[in-house]
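K.L.:
The structure is given below, and queries will be raised subsequently.
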Amino acid sequence: MVKLLTFLVSLLLLHVSFSGCMSEKSTSMSDGSDPKAYALAIHGGAGVIKKENMTDSLEAAYRQVMDEALSIGEDILKNGGASIEAVTAVVMHMEDSPLFNAGKGAVFTHEGENEMDASIMDGRDLNAGAVGGVKHIKNPILAAKAVLEKSEHVMLTGEGAEQFAADQGIGMVDPSYFHTQRRWDALQRILDREEEITELDHDSKHGTVGAVALDKDGNLAAATSTGGMTNKRYNRIGDSPIIGAGTYANNATCAVSSTGHGEYFIRYAVAHAISAQMQYGGKSLQEAGDDVVHKQLVQAGGTGGIISVDKRGNIHMPFNTPGMFRGYAIPNDRNIRIYKKD
Ligand code: ASP
């Protein structure tokens, strides 16, 4: 009888502590259990993403691409592949989908062009690569990875980045490849309203993609790719290609990929701030992410979210917007969510 009671009480406690981790504004898988053999988390952007604005078929399409992306990354990690390869393959898959604001589905600038940014970081040695403002590279994340692996630099931009990518044999396309009606219409809607609002489209934009992973060797990696923000001008570059803002990975702490209003993510060095709170402040992945996303960014007015994984395979995905396309895969568990209450 005593044994039965003890068992029931522990079940209750387990339930309480687990639901505590699954707050409405985040998705967490950090239950203090044994380290995971591998872990993968993805995002497809944060913003005003609400069930009432989504059709069933569009939601199913988003879920399908995220599910495929998780399978691609999980296959690599399960078979002992490196986290840097997993995050690259996952982001590439999402770049190839017209649904997300990266690669094929990139949003339009004020002038009606597509200018893309991407970055990647390896937590083993803090090696990193990034490209900004590229217009002809089919998969900007491959160019970022080439900068990491084959150059002595961290960030290349514009025509120079494209020349480097072409020299590395990375696939180039005509800019018309990035034309999607949905993104074009989004720009026209903003241009029509431009007399009323002169800023970037902060509210309706979403769809930046990112991935973070822990592999079986204990190595962390992060990758992020975006078309930036609809109606951007003057070669504006956001946080996504900036190491420490949009992307960060350090085996000693965590891997982070951000999405949201880039200007704030740059100023608050969001991805590195989370790692630094863990490294120097002794915070857990969850505490550090919540502090930055739910306190610092909220106080500043910076909307968005992040996905993160630590060296034990804990995953935390906090966001301060109505929704964030997000998902994770760990041994024997997979989860895909979109809305705050999902
Ligand atoms: N962070 C991206 C940027 O500011 C946009 C986004 O993630 O929605 O370029």
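We label chains A, B, ... in the order they appear in the structure tokens, count residues from 1 in each chain, and number ligands from 1 in the order shown.
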Let me see if you get this right: every residue at most 8 Å from ligand 1, counting only C-alpha atoms and all ligand atoms, written as a list in words.

P.N.:
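Counting only what the definition allows, namely only C-alpha atoms and all ligand atoms, the set is Gly45, Ala46, Gly47, Asn101, Asp117, Lys205, His206, Gly207, Thr208, Val209, Thr226, Gly227, Gly228, Met229, Ile237, Gly238, Asp239, Ser240, Gly246, Ser258, Thr259, Gly260, His261, Gly262, Glu263, Phe265 and Gly304 of chain A.
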
K.L.:
Enumerate as a ChimeraX atom specification all residues of range 94-335 of chain A assigned to strand (DSSP E) by DSSP on the backbone, naming them with the chain letters and numbers the document uses.

P.N.:
/A:116-122,127-134,155-157,209-214,220-226,247-249,254-260,304-310,315-318,323-330,333-335

K.L.:
Keeping C-alpha atoms for every residue in the selection just given, could you write it to a file as an mmCIF file, in the first residue's frame?

P.N.:
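Below you can see again-v7.cif, which holds the result:
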data_model
loop_
_atom_site.group_PDB
_atom_site.id
_atom_site.type_symbol
_atom_site.label_atom_id
_atom_site.label_comp_id
_atom_site.auth_asym_id
_atom_site.auth_seq_id
_atom_site.Cartn_x
_atom_site.Cartn_y
_atom_site.Cartn_z
ATOM 1 C CA MET A 116 19.119 36.392 -48.635
ATOM 2 C CA ASP A 117 21.244 35.906 -45.523
ATOM 3 C CA ALA A 118 22.446 32.694 -43.842
ATOM 4 C CA SER A 119 24.904 31.543 -41.207
ATOM 5 C CA ILE A 120 26.185 28.382 -39.581
ATOM 6 C CA MET A 121 28.356 27.637 -36.566
ATOM 7 C CA ASP A 122 30.185 24.567 -35.303
ATOM 8 C CA ASN A 127 34.240 27.986 -36.445
ATOM 9 C CA ALA A 128 31.545 29.877 -38.322
ATOM 10 C CA GLY A 129 30.483 30.998 -41.785
ATOM 11 C CA ALA A 130 27.917 33.479 -43.071
ATOM 12 C CA VAL A 131 26.689 35.183 -46.229
ATOM 13 C CA GLY A 132 24.609 38.357 -46.449
ATOM 14 C CA GLY A 133 22.596 40.003 -49.224
ATOM 15 C CA VAL A 134 22.978 37.254 -51.826
ATOM 16 C CA MET A 155 31.174 36.626 -43.258
ATOM 17 C CA LEU A 156 30.996 37.501 -46.953
ATOM 18 C CA THR A 157 28.369 39.738 -48.509
ATOM 19 C CA VAL A 209 14.311 28.846 -40.968
ATOM 20 C CA GLY A 210 16.823 27.407 -38.546
ATOM 21 C CA ALA A 211 18.110 24.202 -36.994
ATOM 22 C CA VAL A 212 20.154 23.264 -33.937
ATOM 23 C CA ALA A 213 21.536 19.810 -33.206
ATOM 24 C CA LEU A 214 23.530 17.664 -30.817
ATOM 25 C CA LEU A 220 26.590 21.067 -31.115
ATOM 26 C CA ALA A 221 25.821 23.066 -34.276
ATOM 27 C CA ALA A 222 23.381 25.770 -35.365
ATOM 28 C CA ALA A 223 22.245 27.129 -38.745
ATOM 29 C CA THR A 224 19.871 29.906 -39.838
ATOM 30 C CA SER A 225 18.669 31.122 -43.254
ATOM 31 C CA THR A 226 16.325 33.955 -44.257
ATOM 32 C CA THR A 247 23.191 31.879 -34.763
ATOM 33 C CA TYR A 248 25.551 30.586 -32.096
ATOM 34 C CA ALA A 249 26.974 27.204 -31.080
ATOM 35 C CA CYS A 254 24.368 25.326 -26.295
ATOM 36 C CA ALA A 255 23.391 25.860 -29.920
ATOM 37 C CA VAL A 256 20.873 28.600 -30.769
ATOM 38 C CA SER A 257 19.052 29.762 -33.921
ATOM 39 C CA SER A 258 16.927 32.925 -33.757
ATOM 40 C CA THR A 259 13.962 34.310 -35.647
ATOM 41 C CA GLY A 260 12.223 37.627 -35.225
ATOM 42 C CA GLY A 304 10.485 36.710 -32.034
ATOM 43 C CA GLY A 305 11.820 33.488 -30.630
ATOM 44 C CA ILE A 306 14.679 31.026 -30.622
ATOM 45 C CA ILE A 307 15.310 27.304 -30.719
ATOM 46 C CA SER A 308 18.101 25.876 -28.583
ATOM 47 C CA VAL A 309 19.711 22.626 -27.523
ATOM 48 C CA ASP A 310 22.349 22.011 -24.851
ATOM 49 C CA ILE A 315 15.702 21.456 -26.009
ATOM 50 C CA HIS A 316 14.074 24.810 -25.318
ATOM 51 C CA MET A 317 12.084 26.861 -27.853
ATOM 52 C CA PRO A 318 10.763 30.081 -26.281
ATOM 53 C CA GLY A 323 3.187 31.604 -32.933
ATOM 54 C CA MET A 324 6.428 30.017 -34.066
ATOM 55 C CA PHE A 325 6.801 27.127 -36.494
ATOM 56 C CA ARG A 326 8.870 24.699 -34.465
ATOM 57 C CA GLY A 327 9.662 21.060 -33.926
ATOM 58 C CA TYR A 328 12.092 18.658 -32.392
ATOM 59 C CA ALA A 329 13.260 15.075 -32.715
ATOM 60 C CA ILE A 330 15.050 13.053 -30.047
ATOM 61 C CA ASP A 333 10.032 11.342 -29.586
ATOM 62 C CA ARG A 334 9.049 13.884 -32.243
ATOM 63 C CA ASN A 335 6.952 16.995 -31.877
#

K.L.:
Could you state the separation of CA of Arg183 in chain A and CA of Pro98 in chain A in Å, given to one decimal place?

P.N.:
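Value for the CA of Arg183 in chain A-CA of Pro98 in chain A distance: 9.3 Å.
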
K.L.:
Quick check, in Å to one decimal: how far apart do CA of Lys50 in chain A and CA of Tyr339 in chain A lie?

P.N.:
6.3 Å

K.L.:
Taking 2 positions as the minimum chain separation for residues in the same chain, which residues sit within 12 Å of Ala166 in chain A when counting only C-alpha atoms? Answer as a PyMOL selection string.

P.N.:
chain A and resi 134+136-140+142-143+146-147+159-164+168-173

K.L.:
Write the selection just made, keeping C-alpha atoms, as a tab-separated table (two decimals), in the first residue's frame?

P.N.:
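part.tsv written:
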chain	number	residue	atom	x	y	z
A	134	VAL	CA	22.98	37.25	-51.83
A	136	HIS	CA	21.62	34.17	-56.94
A	137	ILE	CA	22.61	31.36	-54.55
A	138	LYS	CA	19.97	28.63	-54.57
A	139	ASN	CA	20.82	27.45	-51.05
A	140	PRO	CA	22.47	30.26	-49.07
A	142	LEU	CA	25.57	25.91	-48.47
A	143	ALA	CA	27.45	29.14	-49.18
A	146	ALA	CA	31.59	26.86	-47.60
A	147	VAL	CA	32.71	30.11	-45.93
A	159	GLU	CA	28.68	40.06	-55.10
A	160	GLY	CA	31.83	38.90	-53.33
A	161	ALA	CA	29.90	36.21	-51.49
A	162	GLU	CA	28.33	35.11	-54.77
A	163	GLN	CA	31.70	35.00	-56.52
A	164	PHE	CA	33.11	32.88	-53.69
A	168	GLN	CA	33.22	26.65	-54.75
A	169	GLY	CA	30.81	25.12	-57.27
A	170	ILE	CA	27.71	26.00	-55.27
A	171	GLY	CA	24.46	26.05	-57.27
A	172	MET	CA	23.48	29.46	-58.67
A	173	VAL	CA	20.07	30.36	-60.08

K.L.:
Contacts of His179 in chain A at 9 Å or less, counting only C-alpha atoms, minus same-chain residues fewer than 6 places along, as a PyMOL selection string?

P.N.:
chain A and resi 104-108+113-114

K.L.:
With all heavy atoms retained, could you export that selection as a compact mmCIF listing (two decimals), in the first residue's frame?

P.N.:
# COMPACT_ATOMS: atom_id res chain seq x y z
N LYS A 104 14.00 29.48 -51.72
CA LYS A 104 12.90 29.57 -52.69
C LYS A 104 11.78 30.54 -52.27
O LYS A 104 11.24 31.28 -53.09
CB LYS A 104 12.34 28.15 -52.88
CG LYS A 104 11.08 28.05 -53.70
CD LYS A 104 11.36 28.23 -55.18
CE LYS A 104 10.06 28.23 -55.99
NZ LYS A 104 10.17 29.05 -57.19
N GLY A 105 11.41 30.54 -51.00
CA GLY A 105 10.27 31.37 -50.55
C GLY A 105 10.67 32.71 -49.95
O GLY A 105 9.87 33.32 -49.23
N ALA A 106 11.87 33.18 -50.25
CA ALA A 106 12.36 34.43 -49.64
C ALA A 106 11.45 35.61 -49.95
O ALA A 106 10.89 35.71 -51.05
CB ALA A 106 13.78 34.72 -50.15
N VAL A 107 11.31 36.51 -49.00
CA VAL A 107 10.45 37.69 -49.18
C VAL A 107 11.13 38.71 -50.11
O VAL A 107 12.34 38.59 -50.39
CB VAL A 107 10.15 38.38 -47.81
CG1 VAL A 107 9.37 37.45 -46.90
CG2 VAL A 107 11.43 38.88 -47.15
N PHE A 108 10.37 39.70 -50.54
CA PHE A 108 10.88 40.71 -51.47
C PHE A 108 11.33 41.98 -50.75
O PHE A 108 10.73 42.40 -49.77
CB PHE A 108 9.80 41.07 -52.49
CG PHE A 108 9.62 40.01 -53.54
CD1 PHE A 108 8.66 39.02 -53.36
CD2 PHE A 108 10.40 40.00 -54.68
CE1 PHE A 108 8.49 38.03 -54.33
CE2 PHE A 108 10.24 39.02 -55.65
CZ PHE A 108 9.29 38.02 -55.47
N GLU A 113 13.23 42.74 -55.14
CA GLU A 113 14.25 41.71 -55.33
C GLU A 113 14.25 40.77 -54.11
O GLU A 113 13.61 41.05 -53.11
CB GLU A 113 15.63 42.36 -55.45
CG GLU A 113 15.75 43.19 -56.72
CD GLU A 113 17.16 43.69 -56.92
OE1 GLU A 113 17.73 44.29 -55.99
OE2 GLU A 113 17.71 43.48 -58.00
N ASN A 114 15.00 39.69 -54.21
CA ASN A 114 15.16 38.80 -53.06
C ASN A 114 16.63 38.85 -52.65
O ASN A 114 17.51 38.56 -53.45
CB ASN A 114 14.78 37.36 -53.42
CG ASN A 114 13.42 37.29 -54.09
OD1 ASN A 114 13.33 37.30 -55.31
ND2 ASN A 114 12.38 37.26 -53.30

K.L.:
Quick check, in Å to one decimal: how far apart do CA of Arg337 in chain A and CA of Gln286 in chain A lie?

P.N.:
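Straight-line distance from CA of Arg337 in chain A to CA of Gln286 in chain A works out to 18.0 Å.
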
K.L.:
If DSSP is run on the backbone, what residues of range 111-227 of chain A are helix (DSSP H, G or I)? A reply as JSON, numbers by chain would be ideal.

P.N.:
{"A": [140, 141, 142, 143, 144, 145, 146, 147, 148, 149, 150, 158, 159, 160, 161, 162, 163, 164, 165, 166, 167, 175, 176, 177, 178, 181, 182, 183, 184, 185, 186, 187, 188, 189, 190, 191, 192]}

K.L.:
Take the residues just selected and output them with C-alpha atoms as a short mmCIF file (atom, residue, chain, number, x, y, z; two decimals), in the first residue's frame.

P.N.:
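And here is the file that came out, again-v1.cif:
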data_model
loop_
_atom_site.label_atom_id
_atom_site.label_comp_id
_atom_site.auth_asym_id
_atom_site.auth_seq_id
_atom_site.Cartn_x
_atom_site.Cartn_y
_atom_site.Cartn_z
CA PRO A 140 22.47 30.26 -49.07
CA ILE A 141 23.19 27.86 -46.19
CA LEU A 142 25.57 25.91 -48.47
CA ALA A 143 27.45 29.14 -49.18
CA ALA A 144 27.65 29.89 -45.44
CA LYS A 145 29.00 26.38 -44.84
CA ALA A 146 31.59 26.86 -47.60
CA VAL A 147 32.71 30.11 -45.93
CA LEU A 148 33.12 28.14 -42.67
CA GLU A 149 35.02 25.27 -44.28
CA LYS A 150 36.93 26.79 -47.15
CA GLY A 158 26.83 40.66 -51.85
CA GLU A 159 28.68 40.06 -55.10
CA GLY A 160 31.83 38.90 -53.33
CA ALA A 161 29.90 36.21 -51.49
CA GLU A 162 28.33 35.11 -54.77
CA GLN A 163 31.70 35.00 -56.52
CA PHE A 164 33.11 32.88 -53.69
CA ALA A 165 30.11 30.53 -53.80
CA ALA A 166 30.39 30.16 -57.57
CA ASP A 167 34.12 29.41 -57.22
CA PRO A 175 16.68 35.57 -59.46
CA SER A 176 13.33 34.58 -61.02
CA TYR A 177 13.70 31.23 -59.19
CA PHE A 178 12.87 33.07 -55.94
CA GLN A 181 3.20 34.93 -55.86
CA ARG A 182 2.47 34.86 -52.14
CA ARG A 183 5.58 36.87 -51.23
CA TRP A 184 5.07 39.23 -54.19
CA ASP A 185 1.49 39.93 -53.08
CA ALA A 186 2.74 40.56 -49.51
CA LEU A 187 5.10 43.25 -50.83
CA GLN A 188 2.33 44.85 -52.93
CA ARG A 189 0.06 44.99 -49.87
CA ILE A 190 2.75 46.82 -47.92
CA LEU A 191 3.57 49.17 -50.78
CA ASP A 192 -0.14 50.03 -51.08
#

K.L.:
Which of these residues is nearest to Ser26 in chain A, using only C-alpha atoms: A:Gly313, A:His272, A:Ala60, A:His294?

P.N.:
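Ranking A:Gly313, A:His272, A:Ala60, A:His294 by distance to Ser26 in chain A, first place goes to A:His294.
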